[in-house]
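*Asks:* model_0.txt (compact mmCIF, C-alpha atoms) pasted underneath:
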# COMPACT_ATOMS: atom_id res chain seq x y z
CA SER A 1 0.00 0.00 0.00
CA GLN A 2 1.09 3.58 -0.65
CA LEU A 3 0.40 7.05 0.76
CA TRP A 4 1.18 9.88 -1.67
CA MET A 5 1.92 13.40 -0.44
CA GLY A 6 2.41 15.87 -3.26
CA THR A 7 0.85 17.32 -6.39
CA HIS A 8 1.26 14.66 -9.07
CA PRO A 9 -1.95 14.49 -11.15
CA ARG A 10 -2.32 10.80 -10.33
CA GLY A 11 -2.36 11.53 -6.59
CA ASP A 12 -2.82 15.23 -5.82
CA ALA A 13 -3.01 15.57 -2.02
CA ILE A 14 -6.38 16.60 -0.62
CA ILE A 15 -6.52 19.59 1.75
CA ARG A 16 -8.37 18.70 4.95
CA ASP A 17 -9.09 22.28 6.04
CA ASN A 18 -12.55 23.07 4.66
CA ARG A 19 -12.01 26.82 5.20
CA ILE A 20 -9.68 26.82 2.19
CA PRO A 21 -11.45 27.11 -1.19
CA GLN A 22 -8.91 24.97 -3.07
CA LYS A 23 -9.52 21.27 -2.59
CA THR A 24 -6.10 19.89 -3.49
CA LEU A 25 -2.51 20.89 -2.80
CA GLY A 26 -1.82 21.31 -6.50
CA GLN A 27 -4.67 23.79 -6.87
CA TRP A 28 -3.52 25.76 -3.81
CA ILE A 29 0.08 26.01 -5.01
CA ALA A 30 -1.09 27.10 -8.47
CA ASP A 31 -2.98 29.97 -6.83
CA ASN A 32 -0.18 30.74 -4.36
CA PRO A 33 3.12 29.98 -6.16
CA ALA A 34 5.15 32.19 -3.81
CA CYS A 35 4.66 29.49 -1.16
CA LEU A 36 7.31 27.41 -2.95
CA GLY A 37 10.06 29.92 -2.27
CA ALA A 38 11.63 32.12 -4.93
CA LYS A 39 14.40 29.73 -6.01
CA VAL A 40 12.14 26.68 -6.19
CA LYS A 41 9.37 28.58 -7.98
CA ASP A 42 11.75 29.87 -10.65
CA THR A 43 13.74 26.64 -11.07
CA PHE A 44 10.72 24.33 -11.32
CA GLN A 45 8.28 26.65 -13.13
CA GLY A 46 5.92 27.15 -10.21
CA CYS A 47 5.55 23.44 -9.40
CA LEU A 48 6.39 21.43 -6.29
CA PRO A 49 9.42 19.44 -7.50
CA PHE A 50 9.09 16.37 -5.28
CA LEU A 51 6.61 13.63 -4.41
CA PHE A 52 6.70 12.24 -0.86
CA LYS A 53 5.38 8.74 -0.09
CA VAL A 54 5.00 6.08 2.57
CA LEU A 55 5.24 2.50 1.29
CA SER A 56 4.29 -0.71 3.07
CA VAL A 57 5.68 -3.61 1.05
CA ASP A 58 4.39 -7.08 1.82
CA THR A 59 4.50 -8.55 -1.69
CA ALA A 60 7.59 -7.67 -3.73
CA LEU A 61 7.29 -4.69 -6.06
CA SER A 62 8.43 -4.91 -9.66
CA VAL A 63 11.97 -5.15 -11.01
CA GLN A 64 12.26 -1.67 -12.47
CA ALA A 65 14.27 1.42 -13.21
CA HIS A 66 13.43 5.07 -13.80
CA PRO A 67 14.39 7.04 -16.91
CA ASN A 68 16.47 10.20 -17.05
CA LYS A 69 14.79 13.36 -18.31
CA GLU A 70 15.68 12.80 -21.96
CA LEU A 71 14.31 9.27 -22.05
CA ALA A 72 11.29 10.22 -19.93
CA ALA A 73 10.28 12.87 -22.47
CA LYS A 74 10.69 10.39 -25.32
CA LEU A 75 8.70 7.63 -23.61
CA HIS A 76 5.93 10.02 -22.58
CA ALA A 77 5.57 11.30 -26.14
CA GLN A 78 5.43 7.77 -27.57
CA PHE A 79 3.48 5.90 -24.88
CA PRO A 80 1.65 8.36 -22.60
CA GLU A 81 -0.66 5.61 -21.36
CA HIS A 82 2.34 3.83 -19.79
CA TYR A 83 4.62 6.80 -19.03
CA PRO A 84 2.32 9.51 -17.66
CA ASP A 85 4.72 12.48 -17.51
CA ALA A 86 7.93 13.78 -19.07
CA ASN A 87 9.98 14.04 -15.86
CA HIS A 88 12.80 11.95 -14.47
CA LYS A 89 12.27 10.04 -11.23
CA PRO A 90 15.34 9.77 -8.99
CA GLU A 91 14.15 8.50 -5.63
CA MET A 92 15.24 7.69 -2.11
CA ALA A 93 13.81 5.13 0.31
CA ILE A 94 14.42 5.46 4.06
CA ALA A 95 13.56 2.41 6.15
CA LEU A 96 10.95 2.67 8.90
CA THR A 97 11.23 -1.04 9.71
CA GLN A 98 13.78 -3.60 8.60
CA PHE A 99 13.61 -3.20 4.84
CA GLU A 100 14.75 -5.48 2.03
CA GLY A 101 15.30 -4.63 -1.61
CA LEU A 102 17.31 -5.31 -4.73
CA CYS A 103 19.54 -2.48 -5.92
CA GLY A 104 22.20 -2.27 -8.62
CA PHE A 105 24.33 -5.02 -10.14
CA ARG A 106 26.35 -7.28 -7.88
CA PRO A 107 30.14 -7.49 -8.13
CA VAL A 108 30.96 -9.58 -11.19
CA GLU A 109 32.66 -12.35 -9.20
CA GLU A 110 29.36 -13.02 -7.37
CA ILE A 111 27.41 -13.20 -10.64
CA VAL A 112 30.04 -15.48 -12.16
CA SER A 113 29.83 -17.76 -9.12
CA PHE A 114 26.10 -18.17 -9.67
CA LEU A 115 26.60 -18.79 -13.38
CA GLN A 116 29.05 -21.56 -12.57
CA ASN A 117 26.93 -23.19 -9.86
CA VAL A 118 23.31 -22.73 -10.95
CA PRO A 119 22.90 -24.62 -14.24
CA GLU A 120 19.37 -23.31 -14.79
CA LEU A 121 20.69 -19.76 -14.80
CA ARG A 122 23.54 -20.61 -17.15
CA ALA A 123 21.11 -22.31 -19.52
CA LEU A 124 19.11 -19.09 -19.80
CA ILE A 125 22.18 -16.91 -20.33
CA GLY A 126 23.84 -19.23 -22.82
CA GLU A 127 27.39 -20.52 -22.87
CA VAL A 128 28.85 -17.80 -25.09
CA ALA A 129 27.54 -14.89 -22.99
CA ALA A 130 28.45 -16.62 -19.71
CA GLU A 131 32.02 -17.23 -20.85
CA GLN A 132 32.32 -13.62 -22.01
CA LEU A 133 31.45 -12.41 -18.52
CA GLU A 134 33.80 -14.95 -16.92
CA ARG A 135 36.69 -13.68 -19.08
CA SER A 136 36.00 -9.99 -18.42
CA GLY A 137 38.65 -8.46 -16.20
CA SER A 138 38.35 -5.87 -13.45
CA ASP A 139 40.94 -3.75 -15.26
CA ASP A 140 38.47 -3.21 -18.12
CA PRO A 141 35.30 -1.64 -16.67
CA ARG A 142 33.79 -1.00 -20.09
CA GLY A 143 34.33 -4.61 -21.08
CA VAL A 144 32.74 -5.79 -17.84
CA SER A 145 29.70 -3.57 -18.38
CA ALA A 146 29.34 -4.74 -21.97
CA ALA A 147 29.48 -8.39 -20.96
CA LEU A 148 27.07 -7.81 -18.10
CA ARG A 149 24.63 -6.08 -20.46
CA VAL A 150 24.68 -9.07 -22.80
CA CYS A 151 24.08 -11.57 -19.98
CA PHE A 152 21.26 -9.64 -18.33
CA THR A 153 19.57 -8.91 -21.65
CA ARG A 154 19.76 -12.59 -22.61
CA LEU A 155 18.12 -13.46 -19.30
CA MET A 156 15.30 -10.93 -19.50
CA LYS A 157 14.54 -11.72 -23.16
CA SER A 158 14.42 -15.49 -22.63
CA GLU A 159 11.54 -17.31 -24.30
CA LYS A 160 8.79 -17.73 -21.72
CA LYS A 161 8.31 -21.49 -21.86
CA PHE A 162 12.07 -22.02 -21.56
CA PHE A 163 12.55 -19.81 -18.50
CA VAL A 164 9.43 -21.20 -16.80
CA ASP A 165 10.79 -24.73 -17.26
CA GLN A 166 14.19 -23.69 -15.88
CA LEU A 167 12.59 -21.91 -12.93
CA ASN A 168 10.44 -24.93 -12.13
CA MET A 169 13.51 -27.15 -12.16
CA LEU A 170 15.36 -24.72 -9.90
CA VAL A 171 12.63 -24.49 -7.27
CA GLY A 172 12.27 -28.25 -7.31
CA GLN A 173 8.86 -28.62 -8.93
CA ASP A 174 10.25 -30.80 -11.70
CA THR A 175 13.37 -32.15 -9.99
CA PRO A 176 13.06 -32.61 -6.21
CA GLY A 177 16.10 -31.32 -4.42
CA SER A 178 17.24 -28.84 -7.08
CA LEU A 179 17.42 -26.08 -4.48
CA LEU A 180 20.20 -27.99 -2.74
CA VAL A 181 22.55 -26.66 -5.41
CA LEU A 182 21.48 -23.08 -4.75
CA CYS A 183 21.78 -23.41 -0.97
CA LEU A 184 25.25 -24.92 -1.26
CA VAL A 185 26.34 -22.03 -3.48
CA SER A 186 25.22 -19.56 -0.83
CA SER A 187 26.98 -21.50 1.93
CA CYS A 188 30.27 -21.57 0.04
CA ALA A 189 30.05 -17.86 -0.68
CA VAL A 190 29.48 -17.08 2.99
CA GLU A 191 32.53 -19.16 3.93
CA GLU A 192 34.57 -17.05 1.51
CA GLY A 193 33.36 -13.89 3.24
CA LYS A 194 30.83 -12.78 0.61
CA ASP A 195 27.33 -11.77 1.61
CA THR A 196 25.06 -13.62 -0.77
CA SER A 197 22.51 -14.66 1.83
CA GLY A 198 19.88 -12.63 0.00
CA SER A 199 20.14 -14.99 -2.97
CA ASN A 200 19.54 -18.24 -1.14
CA GLY A 201 16.68 -20.65 -1.63
CA GLU A 202 14.41 -18.87 0.83
CA LEU A 203 14.30 -15.67 -1.22
CA LEU A 204 13.85 -17.52 -4.50
CA LEU A 205 10.98 -19.57 -3.09
CA ARG A 206 9.38 -16.48 -1.62
CA LEU A 207 9.47 -14.59 -4.92
CA HIS A 208 8.31 -17.64 -6.83
CA SER A 209 5.35 -18.06 -4.46
CA GLN A 210 4.37 -14.43 -5.07
CA TYR A 211 5.03 -14.43 -8.83
CA PRO A 212 5.09 -18.05 -10.04
CA GLY A 213 6.82 -18.49 -13.38
CA ASP A 214 8.09 -14.89 -13.47
CA ILE A 215 11.47 -14.11 -15.05
CA GLY A 216 12.07 -11.56 -12.28
CA CYS A 217 12.81 -14.43 -9.86
CA PHE A 218 16.17 -14.90 -11.62
CA THR A 219 17.25 -11.29 -11.08
CA ILE A 220 18.39 -12.14 -7.54
CA TYR A 221 21.51 -13.60 -9.17
CA PHE A 222 22.38 -10.30 -10.82
CA LEU A 223 21.20 -7.62 -8.38
CA ASN A 224 22.46 -6.83 -4.89
CA VAL A 225 20.21 -7.76 -2.00
CA VAL A 226 20.26 -4.72 0.29
CA ARG A 227 18.93 -4.89 3.84
CA LEU A 228 18.30 -1.63 5.65
CA GLU A 229 17.80 -1.02 9.35
CA PRO A 230 15.37 1.74 10.40
CA GLY A 231 16.85 5.10 9.44
CA GLU A 232 19.11 3.68 6.70
CA ALA A 233 18.46 4.73 3.12
CA MET A 234 18.92 3.75 -0.53
CA PHE A 235 19.24 6.34 -3.31
CA LEU A 236 18.15 5.26 -6.78
CA GLY A 237 19.38 7.46 -9.60
CA ALA A 238 18.31 7.24 -13.21
CA ASN A 239 18.74 3.81 -14.84
CA GLU A 240 19.46 2.01 -11.54
CA PRO A 241 17.79 -1.44 -11.49
CA HIS A 242 15.93 -2.15 -8.28
CA ALA A 243 12.97 -3.81 -6.60
CA TYR A 244 11.50 -3.36 -3.14
CA LEU A 245 10.95 -6.75 -1.53
CA HIS A 246 9.64 -6.28 2.00
CA GLY A 247 9.23 -3.70 4.77
CA ASP A 248 7.97 -0.17 5.42
CA CYS A 249 9.70 3.00 4.25
CA VAL A 250 9.25 6.66 3.53
CA GLU A 251 10.18 7.54 -0.03
CA CYS A 252 10.85 10.80 -1.81
CA MET A 253 11.37 11.36 -5.53
CA ALA A 254 11.15 13.90 -8.28
CA CYS A 255 7.50 14.58 -9.07
CA SER A 256 6.99 11.74 -11.54
CA ASP A 257 5.31 8.38 -11.93
CA ASN A 258 7.53 7.04 -14.72
CA THR A 259 8.55 3.44 -14.13
CA VAL A 260 10.06 0.99 -16.64
CA ARG A 261 9.23 -2.54 -15.45
CA ALA A 262 10.46 -5.94 -16.56
CA GLY A 263 9.52 -8.53 -13.93
CA LEU A 264 7.76 -9.40 -10.65
CA THR A 265 4.64 -7.55 -11.76
CA PRO A 266 1.29 -8.02 -13.48
CA LYS A 267 1.62 -4.46 -14.85
CA PHE A 268 2.91 -3.36 -18.25
CA ILE A 269 6.48 -4.51 -18.84
CA ASP A 270 8.98 -3.01 -21.25
CA VAL A 271 11.95 -5.38 -21.28
CA LEU A 272 13.69 -3.87 -24.30
CA THR A 273 13.64 -0.32 -22.90
CA LEU A 274 14.80 -1.50 -19.48
CA CYS A 275 17.73 -3.52 -20.81
CA GLU A 276 18.85 -0.65 -23.05
CA MET A 277 18.69 2.03 -20.35
CA LEU A 278 20.28 0.33 -17.33
CA ASN A 279 23.50 1.31 -15.61
CA TYR A 280 25.61 -1.85 -15.87
CA THR A 281 28.29 -0.81 -13.39
CA PRO A 282 28.71 -3.52 -10.73
CA ALA A 283 29.24 -2.51 -7.09
CA PRO A 284 28.97 -4.17 -3.66
CA SER A 285 25.71 -4.00 -1.75
CA THR A 286 27.27 -1.86 1.00
CA SER A 287 27.80 0.95 -1.52
CA LYS A 288 24.04 1.19 -2.02
CA ILE A 289 23.35 2.40 1.53
CA PHE A 290 23.08 6.20 1.51
CA PRO A 291 24.37 7.92 4.66
CA ALA A 292 22.49 10.47 6.73
CA VAL A 293 24.45 13.45 8.07
CA GLN A 294 23.61 14.91 11.47
CA SER A 295 23.01 18.65 11.34
CA GLN A 296 25.60 20.81 13.05
CA LEU A 297 22.91 23.39 13.82
CA ASP A 298 20.32 21.00 15.27
CA PRO A 299 21.37 17.60 16.65
CA SER A 300 17.78 16.34 16.28
CA VAL A 301 18.01 16.62 12.46
CA TYR A 302 19.61 14.05 10.16
CA LEU A 303 19.92 15.09 6.52
CA TYR A 304 19.64 12.84 3.46
CA ASP A 305 20.85 15.03 0.60
CA PRO A 306 21.01 13.11 -2.71
CA PRO A 307 22.93 14.32 -5.79
CA VAL A 308 19.82 15.74 -7.49
CA PRO A 309 18.23 19.20 -7.08
CA ASP A 310 14.62 18.02 -6.77
CA PHE A 311 14.47 16.95 -3.12
CA THR A 312 16.18 16.51 0.24
CA ILE A 313 14.81 14.63 3.25
CA MET A 314 15.25 15.38 6.93
CA ARG A 315 14.74 12.85 9.72
CA ILE A 316 13.84 14.71 12.90
CA GLU A 317 14.20 12.80 16.17
CA ILE A 318 12.98 14.91 19.08
CA PRO A 319 13.97 13.35 22.42
CA ALA A 320 11.47 12.99 25.26
CA SER A 321 13.35 15.61 27.30
CA ILE A 322 12.33 18.37 24.84
CA LYS A 323 8.79 19.68 25.23
CA LEU A 324 9.00 22.68 22.87
CA TYR A 325 10.59 22.28 19.44
CA LEU A 326 10.82 24.64 16.48
CA ILE A 327 10.42 23.33 12.94
CA SER A 328 12.65 25.97 11.42
CA ALA A 329 11.81 28.09 8.41
CA MET A 330 13.63 27.51 5.11
CA ASP A 331 13.47 29.03 1.65
CA SER A 332 11.62 26.02 0.25
CA ALA A 333 8.15 24.64 0.71
CA SER A 334 8.20 21.36 2.63
CA ILE A 335 5.97 18.47 3.63
CA LEU A 336 6.12 17.22 7.22
CA LEU A 337 5.07 13.68 8.17
CA VAL A 338 4.59 12.49 11.75
CA ILE A 339 5.73 8.90 12.29
CA GLN A 340 5.69 8.79 16.07
CA GLY A 341 4.53 11.02 18.93
CA THR A 342 1.96 13.74 19.53
CA ALA A 343 2.12 17.52 19.71
CA VAL A 344 0.18 20.72 19.20
CA GLY A 345 1.58 22.90 16.44
CA THR A 346 1.31 26.66 16.22
CA SER A 347 2.35 29.00 13.44
CA THR A 348 1.86 32.62 12.46
CA ALA A 349 0.56 31.35 9.10
CA ALA A 350 -2.06 29.02 10.59
CA ALA A 351 -5.45 30.29 11.67
CA SER A 352 -5.64 27.85 14.59
CA GLU A 353 -3.65 25.28 16.54
CA MET A 354 -2.89 21.98 14.82
CA SER A 355 -3.14 18.68 16.66
CA LEU A 356 -0.45 16.34 15.35
CA CYS A 357 -0.21 12.59 15.82
CA ARG A 358 1.04 9.51 13.99
CA GLY A 359 0.10 9.90 10.32
CA SER A 360 -0.44 13.67 10.37
CA VAL A 361 0.81 15.46 7.23
CA LEU A 362 1.47 19.20 7.01
CA PHE A 363 2.40 21.36 4.04
CA ILE A 364 4.69 24.18 5.22
CA SER A 365 5.17 27.19 2.95
CA ALA A 366 8.63 28.61 2.38
CA ASN A 367 9.90 30.95 5.10
CA GLU A 368 7.34 29.68 7.61
CA SER A 369 8.13 27.93 10.90
CA ILE A 370 6.05 25.79 13.27
CA SER A 371 6.36 25.52 17.04
CA LEU A 372 5.64 22.06 18.40
CA HIS A 373 4.40 21.66 21.96
CA LEU A 374 5.09 17.98 22.59
CA SER A 375 2.63 15.94 24.66
CA SER A 376 3.99 12.40 24.14
CA PRO A 377 6.30 10.84 26.76
CA ASP A 378 8.56 9.23 24.15
CA GLY A 379 9.45 12.23 22.01
CA MET A 380 8.65 12.44 18.29
CA LEU A 381 9.89 11.06 14.98
CA LEU A 382 9.21 13.21 11.92
CA PHE A 383 10.30 13.25 8.28
CA ARG A 384 10.42 16.45 6.29
CA ALA A 385 10.77 16.59 2.48
CA CYS A 386 11.99 19.83 0.92
CA CYS A 387 14.10 21.24 -1.91
CA LEU A 388 17.46 22.76 -0.96
CA LEU A 389 18.82 24.71 -3.91
Any chance you could give the structure as structure tokens?
*Replies:*
Amino acid sequence: SQLWMGTHPRGDAIIRDNRIPQKTLGQWIADNPACLGAKVKDTFQGCLPFLFKVLSVDTALSVQAHPNKELAAKLHAQFPEHYPDANHKPEMAIALTQFEGLCGFRPVEEIVSFLQNVPELRALIGEVAAEQLERSGSDDPRGVSAALRVCFTRLMKSEKKFFVDQLNMLVGQDTPGSLLVLCLVSSCAVEEGKDTSGSNGELLLRLHSQYPGDIGCFTIYFLNVVRLEPGEAMFLGANEPHAYLHGDCVECMACSDNTVRAGLTPKFIDVLTLCEMLNYTPAPSTSKIFPAVQSQLDPSVYLYDPPVPDFTIMRIEIPASIKLYLISAMDSASILLVIQGTAVGTSTAAASEMSLCRGSVLFISANESISLHLSSPDGMLLFRACCLL
């Protein structure tokens, strides 16, 4: 399930205050563009540049990537029913619970290990492509990427009956005990000090139970399994392959709903576009965890500042010892989400006090602040999405 907080036409946030004539956030901003802040208003043509979400993932979400601006414009012009806007969609997920996902291509030696020990995978890739990847050397990054592209494309473009048969053999439906090979591969890798636990039989069986006969089940051999603890984050730039597998998170992205999918989904898939657009640079799973930086001005604030202009996220942890806290003004509009705790908010811009509790969402105009009078014994946990230009 998803909660959207923003102005995208597919999910324009509804204003709860019935004293305001505009019914949605998008309508209100259109009538009051100065609320965005001068820099944001000028840079993003009077539009809120980010979309803020809460995701609760029980069944795995699709193997996907998001286009850059150039490709997004092209896809939107050609297939507007599948690509609903012309914007790029870099995004960040910050774990609220233990969170599991696939992100980016594994180091080549891990992929090669699976090719050598999982015959069903090698059958799908083909001997020529597998050997090309095995021969690629770390001193030739372009050669590695080229070989990886060939292997992954061969996998994703496999004929359906063939990959379903191979998947059934792997999960043991046709040959009892086939998963023993997979589990032994994982055990050997762990003994060598590599973390491939996310690609063991349990994960394969779980994905297969959710999406039986889906080619996306095989992507666990190519993509890093990333496990986040609460407060840890993943940043997904353009063309980064990924899939969310399980857990709850807050997510922020450029204001777009453009997604190129190729597996683990009943929705429209576009395998050719995905395979052509991906970033085929392998990297370890640890490199996919994006660090938060504690603010030097306010120790309660942890900043997630990705390398894109569209959005920044703040995690605000107010300890129980503080009973009055100021949500400071900034020169950008922001959206505030309450995850934990209760408070009464006051502001010079608000006509009345605001009662805040778990799930409350506030839109804060640029250059406005809010005083929080905390009433919960355990402090508060808040997330604030904004645009720091």
*Asks:* Find the residues near segment 56-67 of chain A: any atom within 6 Å, counting only C-alpha atoms, skip ones fewer than 3 places away on the same chain, and give them as a list in words.
*Replies:*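 Using only C-alpha atoms, the neighbours found are Ser1, Leu71, Ala72, His88, Lys89, Ala238, Asn239, Glu240, Pro241, His242, Ala243, Tyr244, Leu245, His246, Gly247, Asp248, Thr259, Val260, Arg261, Ala262, Gly263, Leu264 and Thr265 of chain A.
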*Asks:* Which residues are close to Asp298 of chain A, i.e. within 12 Å by all atoms listed in the file, leaving aside same-chain residues fewer than 6 positions away? Reply as a list in words.
*Replies:*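 My reading of the contact set: Met314, Arg315, Ile316, Glu317, Ile318, Tyr325, Leu326, Ile327 and Ser328 of chain A.
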*Asks:* Pick the closest to Leu382 of chain A from A:Ala233, A:Val301, A:Ile364, A:Ala349: which is it, counting all atoms listed in the file?
*Replies:*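 So, comparing all the options, the nearest one is A:Val301.
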*Asks:* Taking (-1.3, 7.6, -4.7) in the coordinates of the supplied file, I want to know which residues reach to within 12 Å of it, counting only C-alpha atoms; could you give the answer as a ChimeraX atom specification?
*Replies:* /A:1-14,51-55,256-257
*Asks:* Which protein, DNA or RNA residues are at most 12 Å from (29.9, -6.4, -19.7) in the file's coordinates when you count only C-alpha atoms, listed as JSON, numbers by chain?
*Replies:* {"A": [105, 107, 108, 111, 112, 129, 130, 131, 132, 133, 134, 135, 136, 137, 138, 140, 141, 142, 143, 144, 145, 146, 147, 148, 149, 150, 151, 152, 153, 278, 279, 280, 281, 282]}
*Asks:* Which of these, A:Val250, A:Leu272, A:Ile125, A:Ala343, has the shortest distance to Lys323 of chain A once you count only C-alpha atoms?
*Replies:* A:Ala343
*Asks:* Pick out the closest residue to Glu109 of chain A from this set: A:Tyr304, A:Gln22, A:Ala283, A:Tyr83. Count all atoms listed in the file.
*Replies:*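 The closest residue to Glu109 of chain A is A:Ala283.
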*Asks:* State, in Å with one decimal place, the distance from atom CA of Ile269 of chain A to atom CA of Ile220 of chain A.
*Replies:* 18.1 Å
*Asks:* Calculate how many Å separate atom CA of Val271 of chain A from atom CA of Ala254 of chain A, rounding to one decimal.
*Replies:*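 Here the two named atoms are 23.3 Å from each other.
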